Amino acid sequence: MPKATWNGTVIAQADVKEVQHVEGNIYFPPHAVERSHLRDSTTHTVCPWKGICSYYDVLVDDQVNKDAAWFYPACKPEAKHIEGYVAFWKGVKVE
C-alpha cells in the first residue's frame with residue numbers, strides 16, 4: 001500500500017490500485033490525502049502536456065515543508081487521469 005510520510009507522519013495512503021504513476025512520481029487520489037497536513041500555496045508552474053500545476057505546503061506539528069506537494073486542478077486531455085491527484089517531493093518519503 002503506497003504511502004507518503006514526512007517527519008514520521010503519514011500524509012497520504014492508498015490502495016495500490018488507486019494511485020497513478022506518471023514520470024516516476026506516485027499520484028495519490030484526493031480522498032487518500034490527509035488534508036489537515038496540507039495548506040494551499042500561491043506557487044504555480046506549467047507542464048506542457050499536463051497543464052497548470054498548483055502546490056501545497058506540507059504541515060506537521062509546527063514544521064512547514066514549502067511546496068512539497070503538487071496537483072493539477074484542471075489537466076489537459078492527455079493527463080485527465082491524474083486531475084486532482086496529489087504527488088510529493090522535497091523530503092516527503094513515498095514508498
# chains A, B, ... in the order shown; residues from 1 in each chain; ligands from 1
$ residues_around --residues "Glu78 of chain A" --least-positions-apart "4" --cutoff "12 Å" --atoms "only C-alpha atoms" --output "ChimeraX atom specification"
/A:22,47-51,74,82-83
$ write_last_selection --atoms "C-alpha atoms" --output "PDB file, in the first residue's frame"
ATOM      1  CA  VAL A  22       3.490   9.385 -14.033  1.00  0.00           C
ATOM      2  CA  CYS A  47       3.798  21.491 -17.653  1.00  0.00           C
ATOM      3  CA  PRO A  48       3.480  21.430 -21.448  1.00  0.00           C
ATOM      4  CA  TRP A  49       1.440  18.212 -21.509  1.00  0.00           C
ATOM      5  CA  LYS A  50      -0.323  18.209 -18.104  1.00  0.00           C
ATOM      6  CA  GLY A  51      -1.256  21.881 -17.720  1.00  0.00           C
ATOM      7  CA  ALA A  74      -7.597  21.074 -14.462  1.00  0.00           C
ATOM      8  CA  ILE A  82      -4.304  12.490 -12.611  1.00  0.00           C
ATOM      9  CA  GLU A  83      -6.569  15.523 -12.337  1.00  0.00           C
TER      10      GLU A  83
END
$ closest_residue --among "A:Ala68, A:Ile52, A:Asp57, A:Thr42" --to "Val94 of chain A" --atoms "only C-alpha atoms"
A:Ala68
$ select_by_dssp --residues "chain A" --states "helix (DSSP H, G or I)" --output "ChimeraX atom specification"
/A:30-32,35-37,77-82
$ closest_residue --among "A:Val33, A:Ile26, A:Cys53, A:Ala79" --to "Ile11 of chain A" --atoms "only C-alpha atoms"
A:Val33
$ select_by_dssp --residues "chain A" --states "strand (DSSP E or B)" --output "PyMOL selection string"
chain A and resi 3-6+9-13+20-22+25-28+33+38-47+51-60+63-72+83+86-88+93-94
$ atom_distance --atom1 "atom CA of Leu59 of chain A" --atom2 "atom CA of Leu38 of chain A"
5.9 Å
$ closest_residue --among "A:His37, A:Lys93, A:His44, A:Lys17" --to "Asp61 of chain A" --atoms "only C-alpha atoms"
A:His37
$ closest_residue --among "A:Gly8, A:Pro73, A:Gly24, A:Pro2" --to "Trp89 of chain A" --atoms "only C-alpha atoms"
A:Gly24
$ residues_around --residues "Met1 of chain A" --least-positions-apart "3" --cutoff "12 Å" --atoms "only C-alpha atoms" --output "mmCIF file with C-alpha atoms, in the first residue's frame"
data_model
loop_
_atom_site.group_PDB
_atom_site.id
_atom_site.type_symbol
_atom_site.label_atom_id
_atom_site.label_comp_id
_atom_site.auth_asym_id
_atom_site.auth_seq_id
_atom_site.Cartn_x
_atom_site.Cartn_y
_atom_site.Cartn_z
ATOM 1 C CA ALA A 4 3.685 9.380 1.797
ATOM 2 C CA ALA A 12 -1.283 10.083 2.222
ATOM 3 C CA GLN A 13 -2.019 6.378 1.909
ATOM 4 C CA ALA A 14 -3.910 4.483 -0.775
ATOM 5 C CA ASP A 15 -4.521 1.052 -2.193
ATOM 6 C CA VAL A 16 -2.055 0.323 -4.967
ATOM 7 C CA LYS A 17 -4.944 0.126 -7.484
ATOM 8 C CA GLU A 18 -5.917 3.731 -6.710
ATOM 9 C CA VAL A 19 -2.617 5.507 -7.325
ATOM 10 C CA ILE A 26 3.181 8.432 -7.468
ATOM 11 C CA PHE A 28 -2.492 9.789 -4.694
ATOM 12 C CA ALA A 32 -6.328 9.289 0.224
ATOM 13 C CA VAL A 94 6.868 7.989 -0.806
ATOM 14 C CA GLU A 95 7.032 4.210 -0.709
#
$ atom_distance --atom1 "atom CA of Thr9 of chain A" --atom2 "atom CA of Val86 of chain A"
16.4 Å
